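Since the structure comes first, as structure tokens, the remarks are kept for the end.
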Amino acid sequence: MESPFARLFLDLQEHIKTEVPEITYIEQDLGQLGTDDPRKMMSFPGVLIDFPETSFSNLQGKNQLALPVISFILVMDTYSQTYHLAPLPVRELGLQYLELEQKLYMAIASWESDYCELLNRTSAKGLNRNDVGLRVRDLTFTTQFEDYSSDDDDQRVTLNLSGE
């Protein structure tokens, strides 16, 4: 694949599938949660991946440094009560989505590649779809990579992003 975003998507999809086997659905965010019943569009627990924003700066020639934002939306369909008087096992079951979120975070943060920097979590927020009984968490990460795709010259200068 020539698209760095397509390569990044496929590599992350494979890594999540391997490291977090509890997740049964990993797909691009194509608006599944915006439908009347997301249950018809996906299986759970699921992760929707999107690249909502990327800034670019110029490197040598036509090359660019990309700083993408990557969104991982974790969607769970079942949860139990977390009411303070509910039995502890019931409350713990109700918080399982937070345990899965932590496992997803750890998998994403540990992913390494030869073409981009480690992913850095920048935010986590709830986007609950209580109208259809879904627990939704949006984990946002950033990374950076060098894009040489528009360079006609086969001679490339490699930059060390660690500052050395």
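In the structure tokens, each chain is lettered A, B, ... as it comes, each chain's residues begin at 1, and ligands are numbered from 1 in order of appearance.
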*Surrounding residues of Gln144 (chain A) excluding itself and chain neighbours under 2 positions, 8 Å, only C-alpha atoms, as a PyMOL selection string*: chain A and resi 65-68+116-117+142+146
Resulting file, chosen residues, N, CA, C and O atoms, as a JSON list (two decimals), in the first residue's frame:
[["chain", "number", "residue", "atom", "x", "y", "z"],
["A", 65, "LEU", "N", 6.54, 16.03, 6.93],
["A", 65, "LEU", "CA", 6.41, 15.40, 8.23],
["A", 65, "LEU", "C", 4.93, 15.45, 8.58],
["A", 65, "LEU", "O", 4.34, 16.53, 8.62],
["A", 66, "ALA", "N", 4.33, 14.30, 8.82],
["A", 66, "ALA", "CA", 2.91, 14.21, 9.17],
["A", 66, "ALA", "C", 2.78, 14.03, 10.67],
["A", 66, "ALA", "O", 3.51, 13.26, 11.28],
["A", 67, "LEU", "N", 1.81, 14.74, 11.26],
["A", 67, "LEU", "CA", 1.50, 14.63, 12.68],
["A", 67, "LEU", "C", 0.02, 14.28, 12.81],
["A", 67, "LEU", "O", -0.83, 15.14, 13.06],
["A", 68, "PRO", "N", -0.32, 12.99, 12.61],
["A", 68, "PRO", "CA", -1.73, 12.60, 12.63],
["A", 68, "PRO", "C", -2.29, 12.42, 14.04],
["A", 68, "PRO", "O", -1.58, 12.04, 14.97],
["A", 116, "CYS", "N", 6.92, 4.95, 11.74],
["A", 116, "CYS", "CA", 6.38, 6.07, 12.51],
["A", 116, "CYS", "C", 6.75, 5.94, 13.97],
["A", 116, "CYS", "O", 7.15, 4.87, 14.43],
["A", 117, "GLU", "N", 6.63, 7.04, 14.67],
["A", 117, "GLU", "CA", 6.96, 7.09, 16.09],
["A", 117, "GLU", "C", 5.93, 6.33, 16.91],
["A", 117, "GLU", "O", 4.81, 6.08, 16.45],
["A", 142, "THR", "N", -1.54, 10.52, 19.18],
["A", 142, "THR", "CA", -0.81, 11.21, 18.13],
["A", 142, "THR", "C", 0.46, 10.41, 17.83],
["A", 142, "THR", "O", 0.93, 9.63, 18.65],
["A", 146, "GLU", "N", 7.33, 10.42, 8.40],
["A", 146, "GLU", "CA", 7.80, 11.18, 7.25],
["A", 146, "GLU", "C", 7.17, 10.60, 6.00],
["A", 146, "GLU", "O", 7.18, 9.39, 5.79]]
*From region 98-142 of chain A, collect each residue whose DSSP state is strand (DSSP E or B) and return the set as a PyMOL selection string.*
chain A and resi 120-126+129+134-142
*Please provide the set of residues having any atom within 10 Å of Asp37 (chain A), restricted to only C-alpha atoms, with same-chain residues fewer than 3 positions apart removed, written as a PyMOL selection string.*
chain A and resi 32-34+40-42+129+131-132
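Shell of Arg137 (chain A) at 8 Å, with only C-alpha atoms counted and residues fewer than 2 places along the chain excluded, is A:Ile73, A:Leu74, A:Val75, A:Glu101, A:Ala124, A:Lys125, A:Gly126, A:Leu127, A:Asn128, A:Arg135, A:Leu139.
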Apply DSSP to the structure's backbone, then extract all residues of region 76-115 of chain A labelled helix (DSSP H, G or I) and return them as a compact mmCIF listing (two decimals) with C-alpha atoms, in the first residue's frame.
# COMPACT_ATOMS: atom_id res chain seq x y z
CA LEU A 88 -19.21 -5.83 44.35
CA PRO A 89 -19.19 -8.51 41.60
CA VAL A 90 -22.08 -6.68 39.89
CA ARG A 91 -20.23 -3.35 40.08
CA GLU A 92 -17.02 -4.93 38.81
CA LEU A 93 -18.92 -6.38 35.84
CA GLY A 94 -20.30 -2.90 35.17
CA GLN A 96 -15.36 -4.20 32.64
CA TYR A 97 -15.36 -1.72 29.77
CA LEU A 98 -12.76 0.33 31.68
CA GLU A 99 -10.58 -2.75 32.05
CA LEU A 100 -10.87 -3.41 28.31
CA GLU A 101 -10.05 0.26 27.63
CA GLN A 102 -6.86 -0.11 29.67
CA LYS A 103 -5.88 -3.26 27.78
CA LEU A 104 -6.52 -1.49 24.46
CA TYR A 105 -4.44 1.49 25.58
CA MET A 106 -1.55 -0.74 26.62
CA ALA A 107 -1.66 -2.57 23.26
CA ILE A 108 -1.66 0.66 21.25
CA ALA A 109 1.06 2.27 23.38
CA SER A 110 3.31 -0.80 22.96
_Nearest to Val136 (chain A), chosen from A:Pro52, A:Pro87, A:Pro45, A:Pro21, with only C-alpha atoms counted in the distances_ = A:Pro45
_Distance criterion (only C-alpha atoms): nearest to Thr78 (chain A) out of A:Gln64, A:Asn120, A:Asn130, A:Thr35_ = A:Asn130
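Coordinates place CA of Arg39 (chain A) at a distance of 23.0 Å from CA of Thr82 (chain A).
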*asked:* For Glu14 (chain A), find every residue with an atom within 12 Å (counting only C-alpha atoms), except residues of its own chain fewer than 4 positions away, and show them as a PyMOL selection string.
replied: chain A and resi 7-10+18-21+23+25-27+107-108+111
Dump C-alpha atoms for the selected residues as a PDB file, in the first residue's frame?
ATOM      1  CA  ARG A   7      -0.637   0.976   6.053  1.00  0.00           C
ATOM      2  CA  LEU A   8      -1.008   2.440   9.546  1.00  0.00           C
ATOM      3  CA  PHE A   9      -4.659   1.356   9.732  1.00  0.00           C
ATOM      4  CA  LEU A  10      -3.921  -2.226   8.645  1.00  0.00           C
ATOM      5  CA  THR A  18      -3.525 -10.042  18.243  1.00  0.00           C
ATOM      6  CA  GLU A  19      -3.053  -8.194  21.549  1.00  0.00           C
ATOM      7  CA  VAL A  20      -6.693  -7.710  22.558  1.00  0.00           C
ATOM      8  CA  PRO A  21      -8.530 -10.807  21.314  1.00  0.00           C
ATOM      9  CA  ILE A  23     -12.325  -7.197  20.703  1.00  0.00           C
ATOM     10  CA  TYR A  25     -14.832  -6.010  15.532  1.00  0.00           C
ATOM     11  CA  ILE A  26     -12.096  -3.614  14.325  1.00  0.00           C
ATOM     12  CA  GLU A  27     -13.103  -1.293  11.496  1.00  0.00           C
ATOM     13  CA  ALA A 107      -1.656  -2.568  23.263  1.00  0.00           C
ATOM     14  CA  ILE A 108      -1.659   0.659  21.255  1.00  0.00           C
ATOM     15  CA  TRP A 111       2.920  -0.992  19.163  1.00  0.00           C
TER      16      TRP A 111
END
